[in-house]
>>> print(open('data_36.cif').read())   # mmCIF, C-alpha atoms and all ligand atoms
data_run
loop_
_atom_site.label_atom_id
_atom_site.label_comp_id
_atom_site.auth_asym_id
_atom_site.auth_seq_id
_atom_site.Cartn_x
_atom_site.Cartn_y
_atom_site.Cartn_z
CA MET A 1 36.18 0.74 -171.67
CA SER A 2 34.11 3.85 -172.15
CA GLN A 3 30.83 3.69 -173.95
CA ARG A 4 30.71 7.42 -174.31
CA GLY A 5 32.47 7.13 -177.59
CA SER A 6 30.78 8.27 -180.71
CA ILE A 7 31.51 9.22 -184.24
CA LEU A 8 31.76 12.85 -183.14
CA LYS A 9 34.66 12.19 -180.81
CA TRP A 10 36.19 10.03 -183.42
CA VAL A 11 35.88 12.81 -185.96
CA LEU A 12 37.33 15.30 -183.52
CA GLY A 13 40.31 13.01 -183.18
CA LEU A 14 41.15 13.91 -186.76
CA ALA A 15 41.42 17.23 -188.49
CA ALA A 16 37.90 17.84 -189.73
CA PHE A 17 35.72 20.60 -191.09
CA CYS A 18 32.04 20.62 -190.41
CA LEU A 19 28.80 22.43 -191.02
CA LEU A 20 28.04 23.67 -187.53
CA LEU A 21 30.02 25.33 -184.80
CA THR A 22 31.96 23.08 -182.46
CA PHE A 23 32.33 25.53 -179.60
CA ALA A 24 30.41 23.48 -177.06
CA VAL A 25 32.38 20.39 -177.87
CA SER A 26 35.69 22.18 -177.79
CA ASN A 27 34.77 23.67 -174.48
CA THR A 28 34.00 20.36 -172.85
CA GLY A 29 36.33 18.11 -174.79
CA TYR A 30 39.97 18.76 -175.44
CA VAL A 31 40.93 21.95 -173.73
CA ALA A 32 44.38 23.20 -172.92
CA ALA A 33 46.31 21.15 -170.43
CA GLN A 34 45.76 22.23 -166.88
CA ASP A 35 47.46 21.25 -163.62
CA ASP A 36 46.55 17.60 -163.78
CA VAL A 37 45.35 16.44 -167.14
CA CYS A 38 45.28 12.87 -165.88
CA ASN A 39 41.96 13.55 -164.23
CA GLN A 40 40.58 15.89 -166.84
CA PRO A 41 37.58 14.21 -168.43
CA GLY A 42 37.92 13.80 -172.15
CA TYR A 43 41.41 15.26 -172.36
CA PHE A 44 42.83 12.20 -174.04
CA ASP A 45 39.94 11.87 -176.44
CA GLY A 46 41.15 14.83 -178.50
CA PRO A 47 43.81 15.09 -181.18
CA TRP A 48 46.89 13.04 -180.26
CA ASP A 49 50.43 14.33 -180.38
CA GLU A 50 53.84 13.90 -178.79
CA GLN A 51 52.90 16.04 -175.81
CA LYS A 52 49.84 13.98 -175.09
CA GLN A 53 51.83 10.79 -175.47
CA GLU A 54 54.23 12.01 -172.78
CA GLU A 55 51.36 13.10 -170.55
CA TYR A 56 49.59 9.82 -171.05
CA GLU A 57 52.68 7.84 -170.06
CA ARG A 58 53.07 10.03 -166.99
CA CYS A 59 49.44 9.51 -166.06
CA GLN A 60 49.82 5.77 -166.43
CA GLN A 61 52.73 5.84 -163.98
CA GLN A 62 50.38 7.54 -161.54
CA GLY A 63 47.96 4.70 -161.92
CA ASN A 64 45.51 6.62 -164.02
CA SER A 65 44.50 5.35 -167.39
CA GLY A 66 44.08 8.82 -168.75
CA ASN A 67 40.45 8.39 -169.67
CA SER A 68 41.35 6.21 -172.57
CA SER A 69 38.51 5.10 -174.73
CA ASP A 70 38.15 2.43 -177.32
CA ASP A 71 36.59 4.51 -179.98
CA CYS A 72 39.44 6.46 -181.49
CA VAL A 73 40.97 6.13 -184.89
CA ILE A 74 44.37 4.57 -185.08
CA PRO A 75 46.73 6.71 -187.13
CA ASP A 76 49.05 5.23 -189.72
CA SER A 77 52.11 6.12 -187.67
CA GLY A 78 52.88 6.67 -184.01
CA PRO A 79 52.75 7.92 -181.37
CA TRP A 80 49.81 5.67 -180.71
CA PRO A 81 46.74 6.81 -178.80
CA PRO A 82 45.52 4.85 -175.78
CA CYS A 83 43.01 2.89 -177.83
CA ALA A 84 45.83 1.44 -179.87
CA THR A 85 47.99 0.49 -176.93
CA ASP A 86 45.04 -0.81 -174.94
CA GLY A 87 43.06 -2.63 -177.50
CA ASN A 88 44.92 -3.09 -180.70
CA ASN A 89 48.44 -4.03 -179.71
CA GLY A 90 49.68 -0.57 -180.53
CA GLY A 91 51.80 -1.96 -183.27
CA SER A 92 50.34 -0.37 -186.31
CA ALA A 93 47.06 0.46 -187.90
CA ASP A 94 47.39 -2.73 -189.89
CA ASP A 95 46.51 -4.88 -186.92
CA CYS A 96 43.06 -3.36 -186.93
CA VAL A 97 42.14 -4.20 -190.50
CA ILE A 98 38.73 -5.79 -190.60
CA PRO A 99 38.55 -8.67 -193.06
CA ASP A 100 35.49 -9.37 -195.15
CA SER A 101 34.95 -12.69 -193.43
CA GLY A 102 35.68 -14.05 -189.97
CA PRO A 103 37.25 -14.90 -187.65
CA TRP A 104 37.30 -11.28 -186.60
CA PRO A 105 40.25 -9.52 -184.96
CA PRO A 106 39.75 -7.95 -181.51
CA CYS A 107 39.40 -4.50 -182.97
CA ALA A 108 36.32 -5.56 -184.87
CA THR A 109 34.49 -7.30 -182.06
CA GLY A 110 34.08 -4.17 -180.02
CA GLY A 111 34.32 -6.00 -176.74
CA SER A 112 31.71 -5.17 -174.17
CA SER A 113 31.06 -1.74 -175.61
CA GLY A 114 29.53 -3.30 -178.66
CA GLY A 115 31.24 -1.45 -181.40
CA ASN A 116 32.75 1.75 -182.60
CA THR A 117 36.16 0.43 -181.82
CA GLY A 118 38.02 2.61 -184.18
CA GLY A 119 39.50 2.64 -187.58
CA SER A 120 41.66 0.45 -189.62
CA ALA A 121 44.27 0.99 -192.25
CA GLU A 122 41.41 0.76 -194.71
CA GLU A 123 39.89 3.80 -193.10
CA CYS A 124 36.90 1.97 -191.82
CA VAL A 125 35.26 3.32 -188.72
CA ILE A 126 32.24 1.52 -187.39
CA PRO A 127 29.51 3.80 -186.09
CA LYS A 128 27.48 2.71 -183.10
CA SER A 129 24.34 2.46 -185.14
CA GLY A 130 23.62 1.66 -188.75
CA PRO A 131 23.64 1.99 -191.63
CA TRP A 132 26.98 0.22 -191.51
CA PRO A 133 29.82 0.99 -193.86
CA PRO A 134 30.85 -1.79 -196.24
CA CYS A 135 33.91 -2.74 -194.22
CA ALA A 136 31.73 -3.49 -191.20
CA THR A 137 29.60 -6.10 -192.91
CA GLY A 138 31.44 -8.86 -191.17
CA GLY A 139 32.27 -7.17 -187.90
CA ASP A 140 30.05 -4.98 -185.86
CA GLY A 141 27.95 -4.51 -188.92
CA ASN A 142 26.22 -7.67 -187.75
CA ALA A 143 24.83 -5.82 -184.79
CA PRO A 144 21.07 -5.45 -184.97
CA ALA A 145 19.70 -2.17 -186.15
CA PRO A 146 18.26 0.04 -183.41
CA ALA A 147 14.55 -0.41 -182.87
CA PRO A 148 12.45 2.35 -184.40
CA GLN A 149 11.35 4.89 -181.84
CA PRO A 150 7.62 5.38 -181.31
CA VAL A 151 6.34 8.67 -182.58
CA PRO A 152 5.18 10.87 -179.66
CA ASP A 153 1.48 11.59 -179.91
CA ASP A 154 1.44 14.79 -177.85
CA SER A 155 1.69 17.11 -180.81
CA PRO A 156 0.19 17.50 -184.26
CA THR A 157 1.62 15.12 -186.78
CA PRO A 158 5.08 16.51 -187.63
CA PRO A 159 6.33 16.50 -191.19
CA ALA A 160 7.70 13.04 -191.85
CA PHE A 161 11.35 12.57 -192.65
CA ASP A 162 11.52 10.81 -195.98
CA GLN A 163 14.93 9.26 -195.42
CA ALA A 164 14.92 7.20 -198.59
CA GLY A 165 13.84 10.20 -200.63
CA VAL A 166 16.46 12.48 -199.07
CA GLU A 167 19.22 9.93 -199.57
CA ALA A 168 18.16 9.47 -203.19
CA ARG A 169 18.33 13.25 -203.63
CA ILE A 170 21.81 13.26 -202.12
CA ASP A 171 22.89 10.51 -204.51
CA GLN A 172 21.63 12.62 -207.39
CA ALA A 173 23.46 15.68 -206.10
CA VAL A 174 26.70 13.73 -205.74
CA GLU A 175 26.68 13.05 -209.47
CA ILE A 176 25.95 16.67 -210.33
CA LEU A 177 28.55 17.98 -207.87
CA GLN A 178 31.15 15.82 -209.57
CA THR A 179 30.49 17.25 -213.02
CA PHE A 180 30.12 20.77 -211.66
CA TRP A 181 33.43 20.81 -209.83
CA GLN A 182 35.24 18.88 -212.53
CA ALA A 183 34.40 21.72 -214.92
CA GLU A 184 35.23 24.44 -212.39
CA LEU A 185 38.62 22.95 -211.53
CA LYS A 186 39.39 22.41 -215.19
CA GLN A 187 39.17 26.18 -215.62
CA ARG A 188 42.05 26.40 -213.16
CA GLY A 189 44.06 23.66 -214.83
CA VAL A 190 43.40 21.25 -211.98
CA ASN A 191 42.43 17.64 -212.58
CA TYR A 192 39.44 16.91 -210.39
CA ARG A 193 39.43 13.72 -208.35
CA PRO A 194 36.30 12.35 -206.65
CA PRO A 195 36.14 12.03 -202.86
CA GLY A 196 36.88 8.62 -201.38
CA ILE A 197 33.78 8.35 -199.20
CA VAL A 198 30.43 10.13 -199.18
CA GLN A 199 28.22 8.55 -196.58
CA THR A 200 25.36 9.17 -194.21
CA TYR A 201 25.36 7.80 -190.68
CA ARG A 202 23.15 8.09 -187.62
CA GLY A 203 25.01 9.79 -184.81
CA HIS A 204 24.96 8.98 -181.12
CA PRO A 205 22.08 10.60 -179.20
CA ASP A 206 24.55 12.31 -176.85
CA ASP A 207 26.21 14.18 -179.70
CA PRO A 208 24.79 17.09 -181.68
CA PRO A 209 23.96 16.31 -185.31
CA ASN A 210 26.58 17.54 -187.73
CA ALA A 211 28.25 16.90 -191.06
CA PHE A 212 31.97 16.59 -191.70
CA TYR A 213 34.68 16.52 -194.29
CA ILE A 214 37.77 14.73 -193.04
CA PRO A 215 40.85 15.45 -195.17
CA ALA A 216 42.86 12.53 -193.77
CA MET A 217 40.15 10.14 -194.94
CA ASP A 218 39.05 12.05 -198.01
CA ALA A 219 35.58 11.48 -196.63
CA ILE A 220 32.29 13.31 -196.24
CA PHE A 221 29.99 12.09 -193.47
CA ILE A 222 26.50 13.47 -192.85
CA ASP A 223 24.40 12.64 -189.81
CA LEU A 224 20.90 11.54 -190.79
CA ARG A 225 19.58 13.37 -187.73
CA LEU A 226 20.92 16.60 -189.24
CA LEU A 227 19.30 15.79 -192.57
CA GLU A 228 16.02 15.20 -190.81
CA GLU A 229 16.23 18.55 -189.02
CA VAL A 230 17.13 20.60 -192.05
CA THR A 231 14.77 18.96 -194.53
CA VAL A 232 11.78 19.15 -192.19
CA ASP A 233 12.51 22.85 -191.63
CA PHE A 234 13.83 23.92 -195.03
CA GLY A 235 12.80 21.30 -197.58
CA VAL A 236 14.64 18.51 -199.34
CA TYR A 237 17.14 20.79 -201.08
CA ALA A 238 18.51 21.72 -197.65
CA ALA A 239 20.12 18.27 -197.56
CA VAL A 240 21.91 19.13 -200.78
CA GLY A 241 22.96 22.47 -199.28
CA VAL A 242 24.64 20.62 -196.41
CA LEU A 243 26.35 18.26 -198.84
CA ALA A 244 27.46 21.13 -201.08
CA HIS A 245 29.06 22.88 -198.09
CA GLU A 246 31.04 19.75 -197.16
CA TRP A 247 31.95 19.29 -200.82
CA GLY A 248 33.34 22.80 -200.66
CA HIS A 249 35.75 21.64 -197.95
CA PHE A 250 36.73 18.75 -200.20
CA ILE A 251 37.46 21.20 -203.02
CA GLN A 252 39.47 23.40 -200.62
CA ASP A 253 41.54 20.33 -199.83
CA GLN A 254 42.19 19.59 -203.50
CA LEU A 255 43.25 23.18 -204.10
CA ASN A 256 45.37 23.31 -200.94
CA LEU A 257 43.42 26.32 -199.75
CA TYR A 258 43.44 25.58 -196.03
CA GLY A 259 46.86 27.08 -195.50
CA GLN A 260 46.00 30.10 -197.63
CA LEU A 261 42.91 31.08 -195.62
CA PRO A 262 43.48 33.09 -192.45
CA GLY A 263 41.28 31.08 -190.14
CA LEU A 264 38.46 28.63 -189.60
CA ARG A 265 35.78 31.26 -190.17
CA GLN A 266 37.11 32.05 -193.65
CA ILE A 267 37.37 28.35 -194.44
CA GLU A 268 33.76 27.83 -193.43
CA LEU A 269 32.46 30.92 -195.20
CA GLN A 270 34.25 29.96 -198.39
CA ALA A 271 32.54 26.56 -198.21
CA ASP A 272 29.21 28.38 -197.79
CA CYS A 273 30.04 30.44 -200.88
CA MET A 274 30.83 27.28 -202.83
CA ALA A 275 27.48 25.82 -201.75
CA GLY A 276 25.84 28.98 -203.06
CA SER A 277 27.55 28.71 -206.44
CA TYR A 278 26.46 25.09 -206.73
CA THR A 279 22.90 26.10 -205.85
CA THR A 280 22.85 28.45 -208.83
CA HIS A 281 24.03 25.54 -210.95
CA GLU A 282 21.07 23.39 -209.84
CA LEU A 283 18.77 26.35 -210.43
CA ASN A 284 20.10 26.74 -213.96
CA LEU A 285 19.56 23.02 -214.55
CA GLY A 286 15.94 23.42 -213.53
CA LEU A 287 16.27 20.98 -210.64
CA ILE A 288 15.19 23.54 -208.03
CA ASN A 289 13.12 26.70 -208.05
CA ALA A 290 13.30 30.12 -206.44
CA GLN A 291 11.50 28.89 -203.34
CA ASP A 292 14.10 26.15 -202.83
CA VAL A 293 16.82 28.78 -203.13
CA GLN A 294 15.15 31.01 -200.56
CA LEU A 295 14.82 28.07 -198.16
CA ALA A 296 18.51 27.33 -198.65
CA ARG A 297 19.30 30.96 -197.82
CA ASP A 298 17.20 30.62 -194.68
CA LEU A 299 19.11 27.46 -193.80
CA PHE A 300 22.53 29.09 -194.02
CA PHE A 301 21.39 32.03 -191.94
CA SER A 302 19.96 29.66 -189.33
CA ILE A 303 23.23 27.81 -188.83
CA GLY A 304 25.20 30.95 -187.98
CA ASP A 305 27.01 30.72 -184.67
CA ASP A 306 24.85 33.41 -183.09
CA GLN A 307 21.70 31.64 -184.23
CA ILE A 308 22.79 28.32 -182.71
CA ASN A 309 24.32 29.65 -179.52
CA PRO A 310 23.88 33.36 -178.77
CA ASP A 311 26.29 33.05 -175.85
CA ALA A 312 29.22 31.85 -177.96
CA PRO A 313 31.90 34.56 -178.21
CA TYR A 314 32.32 35.89 -181.73
CA ASN A 315 35.93 34.77 -181.99
CA HIS A 316 35.71 31.43 -180.26
CA PRO A 317 37.94 28.72 -181.75
CA GLY A 318 35.09 26.87 -183.46
CA ALA A 319 33.53 29.96 -185.02
CA HIS A 320 31.98 29.37 -188.44
CA GLY A 321 30.49 32.85 -188.85
CA THR A 322 27.34 34.61 -187.74
CA GLY A 323 24.03 34.07 -189.46
CA ASN A 324 24.51 37.25 -191.47
CA GLU A 325 28.05 36.28 -192.44
CA ARG A 326 27.03 32.81 -193.56
CA LEU A 327 24.05 34.12 -195.51
CA ALA A 328 26.28 36.76 -197.16
CA ALA A 329 28.82 34.11 -198.15
CA PHE A 330 26.12 31.83 -199.54
CA ASN A 331 24.61 34.77 -201.45
CA HIS A 332 28.03 35.68 -202.82
CA GLY A 333 28.29 32.25 -204.39
CA LEU A 334 24.68 32.40 -205.58
CA ASN A 335 25.20 35.71 -207.32
CA THR A 336 28.68 35.18 -208.78
CA ASN A 337 30.32 31.81 -209.40
CA ALA A 338 32.59 29.19 -207.90
CA GLN A 339 35.74 30.90 -209.17
CA THR A 340 35.06 34.02 -207.12
CA CYS A 341 34.47 31.84 -204.08
CA ILE A 342 37.84 30.18 -204.59
CA ASP A 343 39.61 33.48 -205.06
CA GLY A 344 37.85 35.23 -202.19
CA PHE A 345 37.82 34.90 -198.39
CA ARG A 346 41.60 35.26 -198.07
ZN ZN B 1 32.24 23.50 -192.79
#
>>> encode(input="data_36.cif", output="structure tokens")
Amino acid sequence: MSQRGSILKWVLGLAAFCLLLTFAVSNTGYVAAQDDVCNQPGYFDGPWDEQKQEEYERCQQQGNSGNSSDDCVIPDSGPWPPCATDGNNGGSADDCVIPDSGPWPPCATGGSSGGNTGGSAEECVIPKSGPWPPCATGGDGNAPAPAPQPVPDDSPTPPAFDQAGVEARIDQAVEILQTFWQAELKQRGVNYRPPGIVQTYRGHPDDPPNAFYIPAMDAIFIDLRLLEEVTVDFGVYAAVGVLAHEWGHFIQDQLNLYGQLPGLRQIELQADCMAGSYTTHELNLGLINAQDVQLARDLFFSIGDDQINPDAPYNHPGAHGTGNERLAAFNHGLNTNAQTCIDGFR
């Protein structure tokens, strides 16, 4: 079994919207089928469909496992990805439910790879490193936490990442986001519902830090490594900015906006706008000041595609918008309100 698996690949196995561009991953991960996909690294790690099922079966007949990995999420209905047929009987997602107490099913033990074996019908995916989600308390959640890394001493003392403080600030923002969007949706005659999962995790070192909203799971996941990067560079409110962007995707889902927006860039820019409108709300509540707002503006400019990867083509499939576009969208929300964000970008 592959140990390359990570929460990023797992996320990419589902429809997901994120904070940063995914061009590099798309380019090396699931690309269009070529002459012999059986030997194409990572091809079967991507989204699973009928075509891939047929290709996978063909590859198996050729004696090739199709690069199956044990880290994918098992969908509620077939066709089943390799991880389900290899490791979880392929019957249904139900055979990968992780009980609260042992004995544990095979899907929870992780085998030799030590975890991240995929999801269950209860939508529990076990990341390779903690903090563990509640459903993993009995399974791979027993794995020891990674040892803290020594701080390199070859540079001046960097600003410390106050993880507990940042997570507490996120918890506070979650409560305010709920009341903010409840009121905004009420204006449109929509009954707000809270997201199912809002959780931080620590991503695999091989994968770039990111944050995601996953419609199929009704879940927001934020990599602590991303929170460290943005808060060290742009202050604690930057963590809330990231959360507010992902919350924007959650609101888009509730309002069924995905199909009404012409492309990924518009979806991402609308989420930036929504983050801007929420930032004005926190400003009005007196929770942040003008400097925090300016740092948030700097953050959204900095995560433009051209700022992250100047070589990425403007219209690549994972495009989120240039730095100027993302800053303009964030400013639009800052200077108007959430309703104009919802009605714009179409
Ligand atoms: Zn996004």
>>> closest_residue(input="data_36.cif", among="A:Trp247, A:Phe301, A:Phe180, A:Phe345", to="ligand ZN 1 (chain B)", atoms="only C-alpha atoms and all ligand atoms")
A:Trp247
>>> atom_distance(input="data_36.cif", atom1="CA of Ala239 (chain A)", atom2="CA of Gly263 (chain A)")
25.8 Å
>>> closest_atom_pairs(input="data_36.cif", of="chain A", to="ligand ZN 1 (chain B)", cutoff="6 Å", atoms="all atoms listed in the file", output="Markdown table")
| residue | atom | partner | partner_atom | distance |
| --- | --- | --- | --- | --- |
| A:Phe17 | CA | B:ZN1 | ZN | 4.8 |
| A:Cys18 | CA | B:ZN1 | ZN | 3.7 |
| A:Leu19 | CA | B:ZN1 | ZN | 4.0 |
| A:Glu246 | CA | B:ZN1 | ZN | 5.9 |
| A:Glu268 | CA | B:ZN1 | ZN | 4.6 |
>>> residues_around(input="data_36.cif", residues="Ala183 (chain A)", least_positions_apart="3", cutoff="12 Å", atoms="only C-alpha atoms", output="PyMOL selection string")
chain A and resi 176-180+186-193+278+281+338-339
>>> residues_near_point(input="data_36.cif", point="(10.2, 12.3, -193.7)", cutoff="10 Å", atoms="all atoms listed in the file", output="list in words")
Pro158, Pro159, Ala160, Phe161, Asp162, Gln163, Ala164, Gly165, Val166, Leu227, Glu228, Glu229, Thr231, Val232 and Val236 of chain A
>>> atom_distance(input="data_36.cif", atom1="CA of Asn309 (chain A)", atom2="CA of Ala244 (chain A)")
23.4 Å
>>> residues_near_point(input="data_36.cif", point="(20.4, 22.8, -181.1)", cutoff="10 Å", atoms="all atoms listed in the file", output="ChimeraX atom specification")
/A:208-209,229,303,307-309
>>> closest_residue(input="data_36.cif", among="A:Leu21, A:Leu334, A:Leu261, A:Cys341", to="Gln294 (chain A)", atoms="all atoms listed in the file")
A:Leu334
>>> atom_distance(input="data_36.cif", atom1="CA of Arg202 (chain A)", atom2="CA of Leu224 (chain A)")
5.2 Å
>>> closest_residue(input="data_36.cif", among="A:Asn324, A:Thr340, A:Asn284, A:Gln291", to="Ala271 (chain A)", atoms="all atoms listed in the file")
A:Thr340
>>> closest_residue(input="data_36.cif", among="A:Asn289, A:Gln53, A:Leu243, A:Gly196", to="Gln172 (chain A)", atoms="all atoms listed in the file")
A:Leu243
>>> closest_residue(input="data_36.cif", among="A:Asp298, A:Thr322, A:Leu283, A:Pro194", to="Gln182 (chain A)", atoms="all atoms listed in the file")
A:Pro194
